[in-house]
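Undergrad: As input, take model-v3.cif (mmCIF, C-alpha atoms):
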data_entry
#
loop_
_atom_site.label_atom_id
_atom_site.label_comp_id
_atom_site.auth_asym_id
_atom_site.auth_seq_id
_atom_site.Cartn_x
_atom_site.Cartn_y
_atom_site.Cartn_z
CA MET P 1 0.00 0.00 0.00
CA PRO P 2 1.43 3.44 -0.94
CA ARG P 3 2.59 5.67 1.90
CA VAL P 4 0.75 8.67 0.41
CA ASN P 5 -2.30 9.08 -1.80
CA PHE P 6 -2.88 11.19 -4.89
CA GLN P 7 -5.17 13.70 -3.17
CA GLU P 8 -2.68 14.48 -0.40
CA LEU P 9 -0.01 15.31 -2.96
CA LEU P 10 -2.46 17.40 -4.93
CA ASP P 11 -3.56 19.39 -1.88
CA ALA P 12 0.07 20.13 -0.94
CA GLY P 13 0.87 21.43 -4.43
CA VAL P 14 3.49 18.78 -5.11
CA HIS P 15 2.38 18.66 -8.76
CA PHE P 16 3.44 22.24 -9.60
CA GLY P 17 6.65 22.21 -11.58
CA HIS P 18 8.78 25.10 -12.80
CA LEU P 19 8.25 27.46 -15.71
CA ALA P 20 8.08 25.53 -18.96
CA ARG P 21 10.73 27.72 -20.60
CA LYS P 22 13.21 26.80 -17.85
CA TRP P 23 12.63 23.07 -17.93
CA ASN P 24 15.31 20.39 -18.17
CA PRO P 25 14.56 17.84 -20.93
CA LYS P 26 15.91 15.04 -18.71
CA MET P 27 12.85 15.53 -16.47
CA ALA P 28 10.49 14.75 -19.37
CA PRO P 29 9.60 11.23 -18.05
CA TYR P 30 8.19 12.81 -14.88
CA ILE P 31 6.14 15.60 -16.55
CA PHE P 32 2.43 15.01 -17.09
CA ASP P 33 1.35 18.19 -18.91
CA GLN P 34 1.82 21.92 -19.28
CA LYS P 35 -0.67 24.52 -18.07
CA ASN P 36 -0.39 28.33 -18.18
CA GLY P 37 3.30 28.08 -18.94
CA ILE P 38 4.01 25.80 -15.96
CA HIS P 39 4.85 22.13 -16.14
CA ILE P 40 2.66 19.70 -14.19
CA ILE P 41 4.43 16.78 -12.51
CA ASP P 42 2.99 13.28 -12.91
CA LEU P 43 1.92 12.48 -9.34
CA HIS P 44 1.47 8.77 -10.07
CA LYS P 45 5.22 8.55 -10.65
CA THR P 46 5.87 10.72 -7.60
CA ILE P 47 3.96 8.21 -5.43
CA VAL P 48 6.09 5.35 -6.73
CA LYS P 49 9.34 7.26 -6.21
CA ILE P 50 8.42 8.35 -2.67
CA ASP P 51 7.73 4.74 -1.74
CA GLU P 52 11.09 3.63 -3.15
CA ALA P 53 12.95 6.37 -1.26
CA ALA P 54 11.06 5.70 1.98
CA ASP P 55 11.80 1.96 1.85
CA ALA P 56 15.50 2.62 1.22
CA MET P 57 15.69 5.13 4.10
CA LYS P 58 13.94 2.68 6.40
CA GLU P 59 16.56 0.03 5.67
CA LEU P 60 19.38 2.50 6.30
CA ALA P 61 17.88 3.51 9.65
CA ARG P 62 17.28 -0.14 10.61
CA SER P 63 20.96 -0.91 10.00
CA GLY P 64 22.01 2.00 12.23
CA ARG P 65 23.33 4.29 9.50
CA LYS P 66 23.09 8.09 9.35
CA ILE P 67 21.37 10.18 6.67
CA LEU P 68 22.52 13.79 6.31
CA PHE P 69 19.68 16.22 5.52
CA VAL P 70 20.75 19.24 3.44
CA ALA P 71 18.57 22.30 2.78
CA THR P 72 19.69 25.92 3.01
CA LYS P 73 16.81 27.66 1.21
CA LYS P 74 14.53 29.64 3.50
CA GLN P 75 11.38 27.65 2.61
CA ALA P 76 12.95 24.42 3.81
CA LYS P 77 15.73 25.09 6.35
CA GLU P 78 13.58 25.28 9.50
CA LEU P 79 11.45 22.29 8.49
CA VAL P 80 14.48 20.16 7.67
CA ALA P 81 16.27 21.06 10.91
CA GLU P 82 13.18 20.18 12.97
CA LYS P 83 12.34 16.91 11.20
CA ALA P 84 15.95 15.69 11.12
CA ALA P 85 16.42 16.36 14.83
CA ALA P 86 13.18 14.49 15.60
CA VAL P 87 14.61 11.28 14.09
CA ASN P 88 18.14 11.88 15.46
CA MET P 89 19.70 12.58 12.06
CA PRO P 90 22.31 15.28 11.26
CA SER P 91 21.44 18.26 9.05
CA ILE P 92 23.00 21.23 7.28
CA THR P 93 20.64 24.21 7.04
CA GLU P 94 22.88 27.30 7.10
CA ARG P 95 25.70 26.92 4.60
CA TRP P 96 27.38 24.02 2.89
CA ALA P 97 31.07 24.35 3.71
CA GLY P 98 33.31 23.27 0.85
CA GLY P 99 34.85 19.88 1.60
CA MET P 100 32.17 18.95 4.13
CA LEU P 101 32.41 15.37 2.84
CA THR P 102 35.58 15.20 0.75
CA ASN P 103 37.64 16.88 3.49
CA PHE P 104 35.76 15.44 6.43
CA PRO P 105 38.78 15.16 8.82
CA THR P 106 39.19 18.95 8.71
CA ILE P 107 35.51 19.42 9.50
CA ARG P 108 35.89 17.08 12.46
CA LYS P 109 38.79 19.21 13.75
CA ALA P 110 36.51 22.26 13.70
CA VAL P 111 33.88 20.33 15.65
CA LYS P 112 36.51 19.23 18.19
CA LYS P 113 37.55 22.85 18.59
CA MET P 114 33.97 23.72 19.46
CA ASN P 115 33.92 20.93 22.06
CA THR P 116 37.23 22.20 23.50
CA ILE P 117 35.74 25.67 24.00
CA ASP P 118 32.79 24.10 25.82
CA LYS P 119 35.17 22.23 28.15
CA MET P 120 37.05 25.47 28.86
CA LYS P 121 33.78 27.04 30.01
CA GLU P 122 32.97 24.06 32.22
CA ASP P 123 36.34 23.79 34.02
CA GLY P 124 36.73 27.56 34.56
CA THR P 125 39.66 28.09 32.17
CA PHE P 126 37.55 30.40 30.03
CA GLU P 127 37.04 32.89 32.87
CA LYS P 128 40.78 33.23 33.42
CA LEU P 129 41.33 34.60 29.91
CA ALA P 130 41.50 38.30 29.07
CA LYS P 131 38.20 39.99 28.18
CA ARG P 132 39.21 40.56 24.55
CA GLU P 133 40.27 36.93 24.12
CA ARG P 134 37.03 35.69 25.67
CA LEU P 135 35.04 37.80 23.22
CA GLN P 136 36.96 36.41 20.24
CA ILE P 137 36.50 32.81 21.39
CA THR P 138 32.77 33.39 22.02
CA ARG P 139 32.28 34.73 18.50
CA GLN P 140 34.21 31.82 17.05
CA ARG P 141 32.09 29.37 19.05
CA GLU P 142 28.85 30.98 17.81
CA LYS P 143 30.01 30.75 14.20
CA LEU P 144 30.96 27.09 14.56
CA GLU P 145 27.66 26.30 16.26
CA LYS P 146 25.70 27.98 13.48
CA ASN P 147 27.44 26.10 10.67
CA LEU P 148 28.41 22.79 12.26
CA GLY P 149 26.36 22.45 15.44
CA SER P 150 23.89 20.05 13.86
CA ILE P 151 26.64 17.59 12.85
CA ARG P 152 28.73 17.66 16.04
CA ASP P 153 27.68 14.07 16.82
CA MET P 154 28.44 12.80 13.29
CA SER P 155 31.75 11.02 13.87
CA ARG P 156 31.95 9.47 10.39
CA LEU P 157 30.76 10.13 6.85
CA PRO P 158 26.99 9.77 6.38
CA SER P 159 25.65 6.75 4.53
CA ALA P 160 23.29 8.90 2.43
CA LEU P 161 22.19 12.47 1.73
CA PHE P 162 18.69 13.91 1.45
CA VAL P 163 18.68 17.19 -0.49
CA VAL P 164 16.03 19.83 -1.13
CA ASP P 165 16.76 21.83 -4.32
CA ILE P 166 19.71 20.12 -6.00
CA GLN P 167 20.55 23.25 -7.98
CA LYS P 168 21.18 25.28 -4.84
CA GLU P 169 22.98 22.37 -3.15
CA ALA P 170 25.00 21.39 -6.23
CA ASN P 171 28.28 21.24 -4.26
CA ALA P 172 26.81 18.79 -1.74
CA VAL P 173 25.59 16.54 -4.56
CA LYS P 174 28.98 16.65 -6.31
CA GLU P 175 30.87 15.70 -3.16
CA ALA P 176 28.47 12.83 -2.44
CA ASN P 177 28.83 11.53 -6.01
CA ARG P 178 32.62 11.68 -5.73
CA LEU P 179 32.51 9.52 -2.59
CA ASN P 180 29.79 7.18 -3.94
CA ILE P 181 27.35 8.25 -1.23
CA PRO P 182 23.74 7.71 -2.41
CA VAL P 183 21.64 10.86 -2.77
CA PHE P 184 17.90 11.20 -2.13
CA ALA P 185 16.42 14.46 -3.44
CA MET P 186 13.28 16.36 -4.28
CA VAL P 187 13.79 17.20 -7.96
CA ASP P 188 11.85 19.96 -9.74
CA THR P 189 11.26 20.14 -13.51
CA CYS P 190 14.15 22.60 -13.97
CA CYS P 191 16.78 20.24 -12.54
CA ASP P 192 18.97 17.48 -13.95
CA PRO P 193 18.05 14.21 -12.19
CA THR P 194 21.11 12.31 -13.52
CA PRO P 195 23.35 12.63 -10.40
CA ILE P 196 20.53 11.62 -8.03
CA ASP P 197 20.16 7.99 -6.95
CA TYR P 198 16.59 8.30 -5.59
CA VAL P 199 14.69 10.95 -7.53
CA ILE P 200 11.47 12.29 -5.99
CA PRO P 201 9.83 14.47 -8.68
CA ALA P 202 8.14 17.20 -6.67
CA ASN P 203 7.74 20.92 -6.16
CA ASP P 204 10.77 21.97 -4.10
CA ASP P 205 9.70 25.60 -3.67
CA ALA P 206 6.44 25.28 -1.71
CA THR P 207 6.66 24.77 2.06
CA LYS P 208 3.62 22.45 2.12
CA SER P 209 5.12 20.23 -0.56
CA ILE P 210 8.47 19.99 1.25
CA GLU P 211 6.76 19.29 4.59
CA LEU P 212 4.63 16.47 3.18
CA VAL P 213 7.59 14.67 1.61
CA LEU P 214 9.68 15.14 4.77
CA ASN P 215 6.90 13.73 6.95
CA ILE P 216 6.66 10.58 4.83
CA LEU P 217 10.41 9.97 4.76
CA CYS P 218 10.91 10.71 8.47
CA GLN P 219 8.07 8.35 9.34
CA ALA P 220 9.86 5.61 7.38
CA ILE P 221 13.08 6.38 9.29
CA GLU P 222 11.18 6.11 12.59
CA GLU P 223 9.87 2.70 11.52
CA GLY P 224 13.42 1.57 10.77
CA LEU P 225 14.70 2.84 14.12
CA GLY P 226 11.81 1.10 15.90
CA GLU P 227 12.58 -2.22 14.22
CA ARG P 228 16.26 -1.83 15.10
CA LYS P 229 15.37 -1.29 18.76
CA LEU P 230 13.13 -4.38 18.79
CA GLU P 231 15.89 -6.49 17.24
CA LYS P 232 18.38 -5.28 19.85
CA ASP P 233 15.98 -5.98 22.71
CA LYS P 234 15.38 -9.46 21.34
CA GLU P 235 19.12 -10.14 21.09
CA VAL P 236 19.68 -8.94 24.65
CA ALA P 237 16.86 -11.18 25.91
CA GLU P 238 18.29 -14.20 24.08
CA GLU P 239 21.81 -13.55 25.41
CA THR P 240 20.45 -13.22 28.94
CA ALA P 241 18.54 -16.49 28.62
CA GLU P 242 21.63 -18.27 27.28
CA GLY P 243 23.76 -16.88 30.11
CA GLU P 244 21.31 -18.13 32.71
CA ALA P 245 21.19 -21.55 31.09
CA LEU P 246 24.99 -21.82 31.08
CA SER P 247 25.38 -20.68 34.68
CA ASN P 248 22.68 -23.07 35.92
CA PRO P 249 22.96 -26.32 33.91
CA THR P 250 20.92 -28.40 36.37
CA GLY P 251 18.03 -26.01 36.40
CA LYS P 252 17.58 -26.48 40.16
CA ARG P 253 16.63 -23.46 42.26
CA LEU P 254 16.34 -22.86 45.98
CA ARG P 255 13.92 -20.32 47.48
CA SER P 256 13.95 -18.99 51.01
CA ARG P 257 10.80 -19.08 53.12
CA ARG P 258 10.38 -15.30 52.91
CA GLY P 259 10.24 -15.20 49.13
CA ALA P 260 13.82 -14.17 48.46
CA LYS P 261 15.33 -14.52 45.00
CA PRO P 262 16.12 -18.09 43.99
CA VAL P 263 19.60 -19.20 44.89
CA GLN P 264 21.39 -21.50 42.54
CA VAL P 265 22.71 -24.65 44.16
CA ALA P 266 24.89 -27.37 42.80
CA GLU P 267 23.39 -30.79 42.44
CA ALA P 268 24.11 -32.83 45.55
CA GLU P 269 26.15 -35.93 45.10
CA ALA P 270 24.45 -39.27 45.75
CA PRO P 271 25.15 -40.50 49.29
CA ALA P 272 27.57 -43.36 49.61
CA GLU P 273 26.02 -46.75 50.29
CA PRO P 274 26.39 -47.78 53.96
CA ALA P 275 28.87 -50.56 54.73
CA PRO P 276 27.19 -53.93 55.26
CA VAL P 277 26.66 -54.74 58.92
CA ALA P 278 27.71 -58.21 60.01
CA GLU P 279 24.90 -60.30 61.40
CA PRO P 280 25.29 -61.09 65.14
CA VAL P 281 26.73 -64.52 65.91
CA GLU P 282 25.02 -66.42 68.69
CA ALA P 283 27.38 -67.59 71.42
CA PRO P 284 27.42 -71.38 72.00
CA ALA P 285 25.37 -72.57 74.87
CA VAL P 286 27.41 -73.45 77.99
CA GLU P 287 26.25 -76.32 80.11
CA PRO P 288 26.24 -75.63 83.84
CA LYS P 289 28.97 -77.37 85.86
CA ALA P 290 27.96 -80.26 88.01
CA GLU P 291 28.16 -79.51 91.72
#
Please re-express this file's structure in structure tokens.

TA:
Amino acid sequence: MPRVNFQELLDAGVHFGHLARKWNPKMAPYIFDQKNGIHIIDLHKTIVKIDEAADAMKELARSGRKILFVATKKQAKELVAEKAAAVNMPSITERWAGGMLTNFPTIRKAVKKMNTIDKMKEDGTFEKLAKRERLQITRQREKLEKNLGSIRDMSRLPSALFVVDIQKEANAVKEANRLNIPVFAMVDTCCDPTPIDYVIPANDDATKSIELVLNILCQAIEEGLGERKLEKDKEVAEETAEGEALSNPTGKRLRSRRGAKPVQVAEAEAPAEPAPVAEPVEAPAVEPKAE
């Protein structure tokens, strides 16, 4: 069963493409018609593509991998930051720093610097600095938080990217392609879908359209995270049961009279057979002496 129906997409304006004169011919398979100089996206294909992307994201989340959400345009940045944080995924919503993926070790150094400043504030070292130096460090910390705060917990490269407006985020897409990181993206009729692994033909300018697609994908991620948690709980339960079985091979338990926890006891050894007792021997009768 599809995760979204035709009417929901229609109500959110997902079908509105870009101006026909600005279209990209490679998007022709996803265009249904043209009306008043605007291309209309084929929502039947959008439904299929959303389901494919949602299933793939669910599998990534179930395997414990991270998906980096990227959107710096004003219609999407707040929505993306909120939805990504809700499913514990990193996001970039202010500015894509060059080399965010291809020069990831340098980005990690900047994040570590931010963490170092935080430690200085906690242990009191920050207060011992001169006023001018404190002001410079504070400004540096604010800048780092603004650009990299949402990825401070991302210790390794993401397993996938989700992008809103691939024209605006062209650098992010190029870096992901160079590192063979799969890219999920909302693709409008003016864009080239070739570098995108999971194309979602949709209006990437309307807030309602972006929100609907994000809700569907984030719900799939939540499902994957939920299944992962259930699998882990099951494994822990099985390991606990195996540990109990190994530590108590006889299965015998001893309970105190007051209902204390059962105490494991070793199986008692069988008592040794008693030594045979010799039968009493009757003494021979002695005849009385004659007087």

Undergrad: Let me know the residues the PyMOL selection byres ((chain P and resi 183) around 12) catches in the file above, as a ChimeraX atom specification.

TA: /P:53,56-57,67-70,158-164,166,169-170,172-182,184-187,193-200

Undergrad: Please expand the PyMOL selection byres ((chain P and resi 29-44) around 12) into the concrete residues it hits in this file, giving the result as a ChimeraX atom specification.

TA: /P:2,4-28,45-51,187-193,199-204

Undergrad: Within 6 Å of stretch 140-153 of chain P, counting only C-alpha atoms, which residues show up once you throw out same-chain ones fewer than 6 positions away? Write them as a list of chain:residue names, please.

TA: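 Those residues are P:Pro90, P:Ser91, P:Glu94, P:Val111, P:Met114.
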
Undergrad: Got time to write the residues from that selection, C-alpha atoms, as a tab-separated table (two decimals), in the frame of the given file?

TA:
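Ended up saving to part09.tsv:
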chain	number	residue	atom	x	y	z
P	90	PRO	CA	22.31	15.28	11.26
P	91	SER	CA	21.44	18.26	9.05
P	94	GLU	CA	22.88	27.30	7.10
P	111	VAL	CA	33.88	20.33	15.65
P	114	MET	CA	33.97	23.72	19.46

Undergrad: Here is a test: counting only C-alpha atoms, which residue of P:Ile221, P:Ala71, P:Leu79, P:Ala241 is nearest to P:Trp96?

TA: P:Ala71

Undergrad: Could you spell out the hits of the PyMOL selection byres ((chain P and resi 227) around 12) on the shown file, as a PyMOL selection string?

TA: chain P and resi 58-64+220-226+228-234

Undergrad: Could you work out how far atom CA of P:Arg156 lies from atom CA of P:Lys77, giving the answer in Å with one decimal?

TA: 22.9 Å

Undergrad: What does the distance between atom CA of P:Ala84 and atom CA of P:Asn103 come to in Å, to one decimal place?

TA: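 Taking atom CA of P:Ala84 and atom CA of P:Asn103, their separation equals 23.0 Å.
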
Undergrad: Point out the residue among P:Leu214, P:Ile107, P:Ala85, P:Ile137 with the least atom-to-atom distance to P:Met120, counting all atoms listed in the file.

TA: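 For P:Met120, the nearest of the candidates is P:Ile137.
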
Undergrad: By how many Å are atom CA of P:Ala54 and atom CA of P:Leu217 apart?

TA: 5.1 Å

Undergrad: Mind filling out stretch 151-162 of chain P with all heavy atoms and sending it as an mmCIF file, in the frame of the given file?

TA:
data_model
loop_
_atom_site.group_PDB
_atom_site.id
_atom_site.type_symbol
_atom_site.label_atom_id
_atom_site.label_comp_id
_atom_site.auth_asym_id
_atom_site.auth_seq_id
_atom_site.Cartn_x
_atom_site.Cartn_y
_atom_site.Cartn_z
ATOM 1 N N ILE P 151 25.913 18.819 13.201
ATOM 2 C CA ILE P 151 26.640 17.590 12.850
ATOM 3 C C ILE P 151 27.740 17.280 13.863
ATOM 4 O O ILE P 151 28.634 16.493 13.569
ATOM 5 C CB ILE P 151 27.257 17.687 11.430
ATOM 6 C CG1 ILE P 151 28.323 18.792 11.376
ATOM 7 C CG2 ILE P 151 26.198 17.887 10.375
ATOM 8 C CD1 ILE P 151 29.194 18.730 10.145
ATOM 9 N N ARG P 152 27.667 17.870 15.051
ATOM 10 C CA ARG P 152 28.730 17.660 16.040
ATOM 11 C C ARG P 152 28.792 16.213 16.516
ATOM 12 O O ARG P 152 29.850 15.748 16.967
ATOM 13 C CB ARG P 152 28.546 18.597 17.228
ATOM 14 C CG ARG P 152 27.301 18.392 18.033
ATOM 15 C CD ARG P 152 27.160 19.459 19.109
ATOM 16 N NE ARG P 152 28.320 19.486 19.977
ATOM 17 C CZ ARG P 152 28.572 20.437 20.871
ATOM 18 N NH1 ARG P 152 27.734 21.446 20.992
ATOM 19 N NH2 ARG P 152 29.645 20.386 21.642
ATOM 20 N N ASP P 153 27.683 15.471 16.403
ATOM 21 C CA ASP P 153 27.680 14.070 16.820
ATOM 22 C C ASP P 153 27.953 13.118 15.663
ATOM 23 O O ASP P 153 27.926 11.897 15.851
ATOM 24 C CB ASP P 153 26.336 13.719 17.460
ATOM 25 C CG ASP P 153 26.093 14.506 18.739
ATOM 26 O OD1 ASP P 153 27.086 14.810 19.429
ATOM 27 O OD2 ASP P 153 24.927 14.825 19.046
ATOM 28 N N MET P 154 28.186 13.646 14.465
ATOM 29 C CA MET P 154 28.440 12.800 13.290
ATOM 30 C C MET P 154 29.929 12.505 13.227
ATOM 31 O O MET P 154 30.724 13.292 12.724
ATOM 32 C CB MET P 154 27.961 13.514 12.021
ATOM 33 C CG MET P 154 27.905 12.607 10.797
ATOM 34 S SD MET P 154 27.143 13.422 9.359
ATOM 35 C CE MET P 154 28.440 14.572 8.886
ATOM 36 N N SER P 155 30.331 11.361 13.745
ATOM 37 C CA SER P 155 31.750 11.020 13.870
ATOM 38 C C SER P 155 32.333 10.401 12.595
ATOM 39 O O SER P 155 33.538 10.226 12.492
ATOM 40 C CB SER P 155 31.961 10.058 15.033
ATOM 41 O OG SER P 155 31.183 8.893 14.861
ATOM 42 N N ARG P 156 31.470 10.054 11.647
ATOM 43 C CA ARG P 156 31.950 9.470 10.390
ATOM 44 C C ARG P 156 31.100 9.982 9.233
ATOM 45 O O ARG P 156 30.086 10.625 9.450
ATOM 46 C CB ARG P 156 31.897 7.943 10.448
ATOM 47 C CG ARG P 156 30.502 7.380 10.629
ATOM 48 C CD ARG P 156 30.512 5.870 10.706
ATOM 49 N NE ARG P 156 31.207 5.406 11.889
ATOM 50 C CZ ARG P 156 31.390 4.133 12.189
ATOM 51 N NH1 ARG P 156 30.949 3.199 11.381
ATOM 52 N NH2 ARG P 156 32.017 3.786 13.310
ATOM 53 N N LEU P 157 31.513 9.684 8.022
ATOM 54 C CA LEU P 157 30.760 10.130 6.850
ATOM 55 C C LEU P 157 29.357 9.544 6.858
ATOM 56 O O LEU P 157 29.166 8.387 7.264
ATOM 57 C CB LEU P 157 31.483 9.717 5.568
ATOM 58 C CG LEU P 157 32.732 10.512 5.181
ATOM 59 C CD1 LEU P 157 33.439 9.840 4.017
ATOM 60 C CD2 LEU P 157 32.382 11.945 4.831
ATOM 61 N N PRO P 158 28.357 10.305 6.422
ATOM 62 C CA PRO P 158 26.990 9.770 6.380
ATOM 63 C C PRO P 158 26.864 8.677 5.327
ATOM 64 O O PRO P 158 27.651 8.617 4.376
ATOM 65 C CB PRO P 158 26.147 10.996 6.017
ATOM 66 C CG PRO P 158 27.084 11.895 5.272
ATOM 67 C CD PRO P 158 28.429 11.694 5.907
ATOM 68 N N SER P 159 25.875 7.819 5.502
ATOM 69 C CA SER P 159 25.650 6.750 4.530
ATOM 70 C C SER P 159 24.795 7.209 3.360
ATOM 71 O O SER P 159 24.723 6.527 2.331
ATOM 72 C CB SER P 159 24.962 5.554 5.219
ATOM 73 O OG SER P 159 25.792 5.030 6.223
ATOM 74 N N ALA P 160 24.130 8.361 3.507
ATOM 75 C CA ALA P 160 23.290 8.900 2.430
ATOM 76 C C ALA P 160 23.017 10.367 2.681
ATOM 77 O O ALA P 160 23.196 10.868 3.801
ATOM 78 C CB ALA P 160 21.980 8.113 2.322
ATOM 79 N N LEU P 161 22.583 11.070 1.626
ATOM 80 C CA LEU P 161 22.190 12.470 1.730
ATOM 81 C C LEU P 161 20.743 12.624 1.274
ATOM 82 O O LEU P 161 20.311 11.931 0.339
ATOM 83 C CB LEU P 161 23.067 13.350 0.827
ATOM 84 C CG LEU P 161 24.172 14.187 1.483
ATOM 85 C CD1 LEU P 161 25.223 13.246 2.062
ATOM 86 C CD2 LEU P 161 24.812 15.123 0.477
ATOM 87 N N PHE P 162 20.008 13.504 1.951
ATOM 88 C CA PHE P 162 18.690 13.910 1.450
ATOM 89 C C PHE P 162 18.772 15.409 1.168
ATOM 90 O O PHE P 162 19.123 16.189 2.061
ATOM 91 C CB PHE P 162 17.573 13.641 2.455
ATOM 92 C CG PHE P 162 16.252 14.222 2.016
ATOM 93 C CD1 PHE P 162 15.521 13.606 1.018
ATOM 94 C CD2 PHE P 162 15.765 15.396 2.582
ATOM 95 C CE1 PHE P 162 14.318 14.156 0.589
ATOM 96 C CE2 PHE P 162 14.568 15.942 2.166
ATOM 97 C CZ PHE P 162 13.836 15.325 1.157
#
